[in-house]
file my_file.txt (compact mmCIF, N, CA and C atoms)
# COMPACT_ATOMS: atom_id res chain seq x y z
N MET A 307 -13.48 -0.05 -42.90
CA MET A 307 -13.41 0.79 -41.72
C MET A 307 -14.70 0.73 -40.91
N SER A 308 -15.81 0.49 -41.59
CA SER A 308 -17.08 0.43 -40.88
C SER A 308 -17.16 -0.81 -40.01
N THR A 309 -16.45 -1.88 -40.37
CA THR A 309 -16.47 -3.08 -39.53
C THR A 309 -15.74 -2.83 -38.21
N ASP A 310 -14.67 -2.01 -38.26
CA ASP A 310 -13.97 -1.66 -37.02
C ASP A 310 -14.87 -0.82 -36.12
N THR A 311 -15.62 0.09 -36.72
CA THR A 311 -16.53 0.92 -35.95
C THR A 311 -17.64 0.08 -35.34
N ASN A 312 -18.16 -0.86 -36.12
CA ASN A 312 -19.22 -1.74 -35.60
C ASN A 312 -18.70 -2.63 -34.48
N LYS A 313 -17.46 -3.13 -34.63
CA LYS A 313 -16.87 -3.96 -33.58
C LYS A 313 -16.67 -3.17 -32.30
N SER A 314 -16.22 -1.92 -32.41
CA SER A 314 -16.00 -1.12 -31.20
C SER A 314 -17.33 -0.75 -30.55
N LYS A 315 -18.37 -0.50 -31.36
CA LYS A 315 -19.69 -0.21 -30.78
C LYS A 315 -20.25 -1.44 -30.06
N THR A 316 -20.04 -2.62 -30.68
CA THR A 316 -20.52 -3.86 -30.06
C THR A 316 -19.77 -4.12 -28.76
N ALA A 317 -18.46 -3.90 -28.77
CA ALA A 317 -17.68 -4.10 -27.54
C ALA A 317 -18.12 -3.12 -26.46
N GLY A 318 -18.39 -1.88 -26.84
CA GLY A 318 -18.85 -0.89 -25.88
C GLY A 318 -20.19 -1.27 -25.28
N ARG A 319 -21.08 -1.81 -26.11
CA ARG A 319 -22.39 -2.23 -25.61
C ARG A 319 -22.27 -3.42 -24.66
N ILE A 320 -21.36 -4.33 -24.97
CA ILE A 320 -21.15 -5.49 -24.10
C ILE A 320 -20.61 -5.03 -22.75
N ILE A 321 -19.66 -4.11 -22.76
CA ILE A 321 -19.10 -3.60 -21.50
C ILE A 321 -20.17 -2.85 -20.71
N LEU A 322 -21.00 -2.07 -21.40
CA LEU A 322 -22.09 -1.35 -20.74
C LEU A 322 -23.09 -2.32 -20.12
N ALA A 323 -23.43 -3.38 -20.84
CA ALA A 323 -24.37 -4.37 -20.32
C ALA A 323 -23.78 -5.09 -19.09
N ALA A 324 -22.51 -5.47 -19.18
CA ALA A 324 -21.88 -6.15 -18.04
C ALA A 324 -21.81 -5.23 -16.83
N GLY A 325 -21.48 -3.97 -17.05
CA GLY A 325 -21.44 -3.01 -15.95
C GLY A 325 -22.80 -2.80 -15.33
N SER A 326 -23.83 -2.74 -16.16
CA SER A 326 -25.19 -2.57 -15.65
C SER A 326 -25.63 -3.76 -14.81
N ILE A 327 -25.30 -4.96 -15.28
CA ILE A 327 -25.65 -6.17 -14.52
C ILE A 327 -24.93 -6.18 -13.18
N MET A 328 -23.63 -5.82 -13.17
CA MET A 328 -22.88 -5.77 -11.90
C MET A 328 -23.46 -4.72 -10.96
N CYS A 329 -23.84 -3.58 -11.51
CA CYS A 329 -24.42 -2.52 -10.69
C CYS A 329 -25.74 -2.98 -10.05
N LEU A 330 -26.57 -3.66 -10.82
CA LEU A 330 -27.81 -4.19 -10.27
C LEU A 330 -27.54 -5.22 -9.17
N TRP A 331 -26.53 -6.09 -9.38
CA TRP A 331 -26.19 -7.10 -8.38
C TRP A 331 -25.71 -6.45 -7.09
N VAL A 332 -24.84 -5.44 -7.21
CA VAL A 332 -24.33 -4.75 -6.02
C VAL A 332 -25.47 -4.04 -5.29
N GLY A 333 -26.35 -3.40 -6.05
CA GLY A 333 -27.50 -2.73 -5.43
C GLY A 333 -28.39 -3.70 -4.68
N ALA A 334 -28.66 -4.86 -5.29
CA ALA A 334 -29.50 -5.87 -4.64
C ALA A 334 -28.83 -6.41 -3.38
N ALA A 335 -27.51 -6.63 -3.43
CA ALA A 335 -26.79 -7.12 -2.26
C ALA A 335 -26.81 -6.09 -1.14
N LEU A 336 -26.64 -4.81 -1.49
CA LEU A 336 -26.66 -3.76 -0.48
C LEU A 336 -28.03 -3.62 0.16
N VAL A 337 -29.08 -3.64 -0.65
CA VAL A 337 -30.44 -3.54 -0.10
C VAL A 337 -30.75 -4.75 0.78
N SER A 338 -30.33 -5.93 0.36
CA SER A 338 -30.55 -7.14 1.16
C SER A 338 -29.81 -7.06 2.50
N ALA A 339 -28.56 -6.60 2.47
CA ALA A 339 -27.78 -6.49 3.71
C ALA A 339 -28.38 -5.45 4.63
N LEU A 340 -28.80 -4.32 4.07
CA LEU A 340 -29.42 -3.28 4.91
C LEU A 340 -30.73 -3.76 5.52
N SER A 341 -31.52 -4.50 4.77
CA SER A 341 -32.78 -4.98 5.33
C SER A 341 -32.55 -6.00 6.45
N SER A 342 -31.45 -6.75 6.36
CA SER A 342 -31.19 -7.75 7.40
C SER A 342 -30.72 -7.13 8.71
N VAL A 343 -30.19 -5.88 8.67
CA VAL A 343 -29.75 -5.23 9.91
C VAL A 343 -30.71 -4.11 10.33
N GLY A 344 -31.90 -4.10 9.77
CA GLY A 344 -32.89 -3.12 10.19
C GLY A 344 -32.64 -1.74 9.60
N TRP A 345 -32.08 -1.67 8.39
CA TRP A 345 -31.84 -0.42 7.66
C TRP A 345 -30.90 0.52 8.38
N SER A 346 -29.98 -0.01 9.16
CA SER A 346 -28.99 0.80 9.88
C SER A 346 -27.66 0.71 9.15
N VAL A 347 -27.26 1.82 8.52
CA VAL A 347 -26.02 1.85 7.76
C VAL A 347 -24.82 1.68 8.69
N SER A 348 -24.87 2.31 9.88
CA SER A 348 -23.74 2.22 10.80
C SER A 348 -23.55 0.79 11.31
N THR A 349 -24.63 0.08 11.57
CA THR A 349 -24.53 -1.31 12.01
C THR A 349 -23.93 -2.17 10.90
N LEU A 350 -24.38 -1.95 9.67
CA LEU A 350 -23.85 -2.71 8.54
C LEU A 350 -22.37 -2.42 8.35
N ALA A 351 -21.97 -1.16 8.45
CA ALA A 351 -20.55 -0.80 8.29
C ALA A 351 -19.72 -1.42 9.41
N GLY A 352 -20.23 -1.40 10.63
CA GLY A 352 -19.52 -2.01 11.75
C GLY A 352 -19.34 -3.51 11.58
N GLN A 353 -20.40 -4.19 11.12
CA GLN A 353 -20.30 -5.63 10.89
C GLN A 353 -19.31 -5.94 9.76
N TYR A 354 -19.33 -5.11 8.73
CA TYR A 354 -18.40 -5.32 7.61
C TYR A 354 -16.96 -5.15 8.06
N MET A 355 -16.69 -4.08 8.81
CA MET A 355 -15.31 -3.84 9.25
C MET A 355 -14.84 -4.90 10.23
N THR A 356 -15.74 -5.43 11.05
CA THR A 356 -15.38 -6.51 11.96
C THR A 356 -15.11 -7.79 11.17
N ALA A 357 -15.91 -8.04 10.13
CA ALA A 357 -15.75 -9.26 9.34
C ALA A 357 -14.44 -9.28 8.57
N ILE A 358 -13.99 -8.13 8.06
CA ILE A 358 -12.76 -8.13 7.28
C ILE A 358 -11.52 -7.93 8.15
N GLY A 359 -11.71 -7.71 9.45
CA GLY A 359 -10.58 -7.61 10.36
C GLY A 359 -10.05 -6.20 10.55
N MET A 360 -10.74 -5.21 9.99
CA MET A 360 -10.29 -3.83 10.16
C MET A 360 -10.51 -3.36 11.60
N VAL A 361 -11.58 -3.82 12.19
CA VAL A 361 -11.90 -3.49 13.58
C VAL A 361 -12.04 -4.80 14.33
N LYS A 362 -11.39 -4.89 15.48
CA LYS A 362 -11.55 -6.10 16.26
C LYS A 362 -12.46 -5.79 17.45
N PRO A 363 -13.31 -6.73 17.79
CA PRO A 363 -14.21 -6.47 18.92
C PRO A 363 -13.43 -6.40 20.23
N LEU A 364 -13.73 -5.40 21.03
CA LEU A 364 -13.08 -5.23 22.33
C LEU A 364 -14.07 -5.69 23.40
N HIS A 365 -13.67 -6.70 24.15
CA HIS A 365 -14.61 -7.32 25.08
C HIS A 365 -14.52 -6.76 26.50
N THR A 366 -13.37 -6.19 26.86
CA THR A 366 -13.23 -5.68 28.21
C THR A 366 -12.77 -4.23 28.17
N LEU A 367 -12.89 -3.57 29.29
CA LEU A 367 -12.45 -2.18 29.40
C LEU A 367 -10.94 -2.08 29.25
N VAL A 368 -10.21 -3.09 29.71
CA VAL A 368 -8.75 -3.08 29.58
C VAL A 368 -8.36 -3.17 28.10
N ASP A 369 -9.06 -4.00 27.32
CA ASP A 369 -8.80 -4.07 25.88
C ASP A 369 -9.02 -2.71 25.23
N TYR A 370 -10.12 -2.07 25.57
CA TYR A 370 -10.44 -0.76 25.00
C TYR A 370 -9.39 0.28 25.38
N TYR A 371 -9.02 0.32 26.64
CA TYR A 371 -8.04 1.29 27.13
C TYR A 371 -6.68 1.07 26.47
N THR A 372 -6.28 -0.19 26.31
CA THR A 372 -5.01 -0.50 25.67
C THR A 372 -5.02 -0.05 24.21
N HIS A 373 -6.12 -0.26 23.54
CA HIS A 373 -6.26 0.16 22.15
C HIS A 373 -6.16 1.68 22.02
N ILE A 374 -6.87 2.40 22.86
CA ILE A 374 -6.86 3.87 22.83
C ILE A 374 -5.47 4.39 23.17
N LYS A 375 -4.80 3.78 24.15
CA LYS A 375 -3.46 4.21 24.53
C LYS A 375 -2.48 4.03 23.38
N GLY A 376 -2.59 2.92 22.65
CA GLY A 376 -1.72 2.69 21.50
C GLY A 376 -1.90 3.75 20.43
N ILE A 377 -3.14 4.10 20.15
CA ILE A 377 -3.42 5.16 19.18
C ILE A 377 -2.87 6.49 19.68
N GLU A 378 -3.02 6.75 20.97
CA GLU A 378 -2.51 8.00 21.55
C GLU A 378 -0.98 8.09 21.39
N TYR A 379 -0.29 7.00 21.62
CA TYR A 379 1.17 7.01 21.47
C TYR A 379 1.58 7.26 20.02
N LEU A 380 0.86 6.68 19.08
CA LEU A 380 1.16 6.93 17.66
C LEU A 380 0.96 8.40 17.29
N ILE A 381 -0.10 9.00 17.82
CA ILE A 381 -0.34 10.43 17.56
C ILE A 381 0.77 11.26 18.17
N CYS A 382 1.21 10.93 19.37
CA CYS A 382 2.30 11.68 20.02
C CYS A 382 3.59 11.58 19.21
N VAL A 383 3.92 10.41 18.72
CA VAL A 383 5.13 10.25 17.92
C VAL A 383 5.03 11.09 16.65
N ALA A 384 3.85 11.10 16.03
CA ALA A 384 3.66 11.91 14.82
C ALA A 384 3.87 13.39 15.12
N PHE A 385 3.37 13.88 16.23
CA PHE A 385 3.57 15.28 16.59
C PHE A 385 5.01 15.58 16.97
N PHE A 386 5.69 14.64 17.63
CA PHE A 386 7.10 14.85 17.97
C PHE A 386 7.97 14.96 16.72
N VAL A 387 7.57 14.29 15.66
CA VAL A 387 8.30 14.40 14.40
C VAL A 387 7.89 15.65 13.63
N ALA A 388 6.59 15.94 13.61
CA ALA A 388 6.08 17.04 12.78
C ALA A 388 6.38 18.41 13.37
N PHE A 389 6.39 18.55 14.69
CA PHE A 389 6.56 19.88 15.28
C PHE A 389 7.92 20.49 14.99
N PRO A 390 9.05 19.79 15.16
CA PRO A 390 10.33 20.42 14.83
C PRO A 390 10.44 20.82 13.35
N VAL A 391 9.88 20.00 12.48
CA VAL A 391 9.90 20.34 11.06
C VAL A 391 9.09 21.60 10.81
N PHE A 392 7.91 21.67 11.40
CA PHE A 392 7.07 22.85 11.24
C PHE A 392 7.73 24.08 11.86
N PHE A 393 8.36 23.93 13.02
CA PHE A 393 9.03 25.05 13.70
C PHE A 393 10.16 25.60 12.83
N LYS A 394 10.94 24.70 12.24
CA LYS A 394 12.02 25.14 11.35
C LYS A 394 11.45 25.88 10.14
N TYR A 395 10.36 25.39 9.60
CA TYR A 395 9.75 26.02 8.42
C TYR A 395 9.23 27.42 8.75
N VAL A 396 8.61 27.57 9.91
CA VAL A 396 8.04 28.87 10.29
C VAL A 396 9.13 29.86 10.64
N ASN A 397 10.21 29.43 11.28
CA ASN A 397 11.23 30.34 11.78
C ASN A 397 12.49 30.40 10.91
N LYS A 398 12.38 30.02 9.66
CA LYS A 398 13.58 30.10 8.83
C LYS A 398 13.87 31.56 8.49
N ALA A 399 15.14 31.85 8.39
CA ALA A 399 15.58 33.23 8.14
C ALA A 399 15.18 33.65 6.73
N PRO A 400 14.78 34.90 6.59
CA PRO A 400 14.43 35.37 5.25
C PRO A 400 15.67 35.44 4.38
N LYS A 401 15.48 35.19 3.11
CA LYS A 401 16.60 35.21 2.18
C LYS A 401 17.01 36.68 1.95
N ALA A 402 18.32 36.90 1.94
CA ALA A 402 18.82 38.25 1.71
C ALA A 402 18.68 38.60 0.22
N VAL A 403 18.23 39.79 -0.02
CA VAL A 403 18.06 40.25 -1.40
C VAL A 403 19.32 41.00 -1.79
N LYS A 404 19.96 40.58 -2.86
CA LYS A 404 21.19 41.24 -3.31
C LYS A 404 20.83 42.49 -4.11
N ALA A 405 21.50 43.56 -3.78
CA ALA A 405 21.26 44.81 -4.49
C ALA A 405 22.18 44.87 -5.72
N ASN A 406 21.64 45.29 -6.81
CA ASN A 406 22.43 45.44 -8.03
C ASN A 406 23.17 46.77 -7.99
N LYS A 407 24.49 46.74 -8.17
CA LYS A 407 25.29 47.97 -8.13
C LYS A 407 25.76 48.35 -9.49
call {"tool": "encode", "arguments": {"input": "my_file.txt", "output": "structure tokens"}}
result
Amino acid sequence: MSTDTNKSKTAGRIILAAGSIMCLWVGAALVSALSSVGWSVSTLAGQYMTAIGMVKPLHTLVDYYTHIKGIEYLICVAFFVAFPVFFKYVNKAPKAVKANK
């Protein structure tokens, strides 16, 4: 039974060591990236989101306006769906309480 305990302790130490090495690598990469953009977290986040395609660069005012209008329409559709549901929930009739005779 002690060999099983020793094997599990060894496996735990290996996982801890691998996790520590990965954590150090991620920390070094983050510090390196921040130093390359002048220690600006918002600039780094913006570059990351642009690189992965989450945010696309808008080059003209028409692109920006079209993007904002699309988001506005999505919000309107969400409210058109949510408001009737909420209205029904708020104005539902109270349940009648039956009296015991």
call {"tool": "select_by_dssp", "arguments": {"input": "my_file.txt", "residues": "chain A", "states": "alpha helix (DSSP H)", "output": "JSON, numbers by chain"}}
result
{"A": [308, 309, 310, 311, 312, 313, 314, 315, 316, 317, 318, 319, 320, 321, 322, 323, 324, 325, 326, 327, 328, 329, 330, 331, 332, 333, 334, 335, 336, 337, 338, 339, 340, 341, 342, 347, 348, 349, 350, 351, 352, 353, 354, 355, 356, 357, 358, 367, 368, 369, 370, 371, 372, 373, 374, 375, 376, 377, 378, 379, 380, 381, 382, 383, 384, 385, 386, 387, 388, 389, 390, 391, 392, 393, 394, 395, 396]}
call {"tool": "atom_distance", "arguments": {"input": "my_file.txt", "atom1": "atom CA of A:Ala335", "atom2": "atom CA of A:Ile358"}}
result
17.0 Å
call {"tool": "atom_distance", "arguments": {"input": "my_file.txt", "atom1": "atom N of A:Ser338", "atom2": "atom N of A:Gln353"}}
result
14.7 Å
call {"tool": "atom_distance", "arguments": {"input": "my_file.txt", "atom1": "atom CA of A:Trp345", "atom2": "atom CA of A:Met328"}}
result
22.2 Å
call {"tool": "axis_aligned_box", "arguments": {"input": "my_file.txt", "around": "stretch 332-337 of chain A", "padding_each_side": "3 Å", "output": "lines of an AutoDock Vina configuration file"}}
result
center_x = -27.5
center_y = -4.9
center_z = -3.2
size_x = 12.4
size_y = 10.4
size_z = 14.0
call {"tool": "closest_residue", "arguments": {"input": "my_file.txt", "among": "A:Ala399, A:Ala351, A:Thr372, A:Gly359", "to": "A:Leu336", "atoms": "only C-alpha atoms"}}
result
A:Ala351
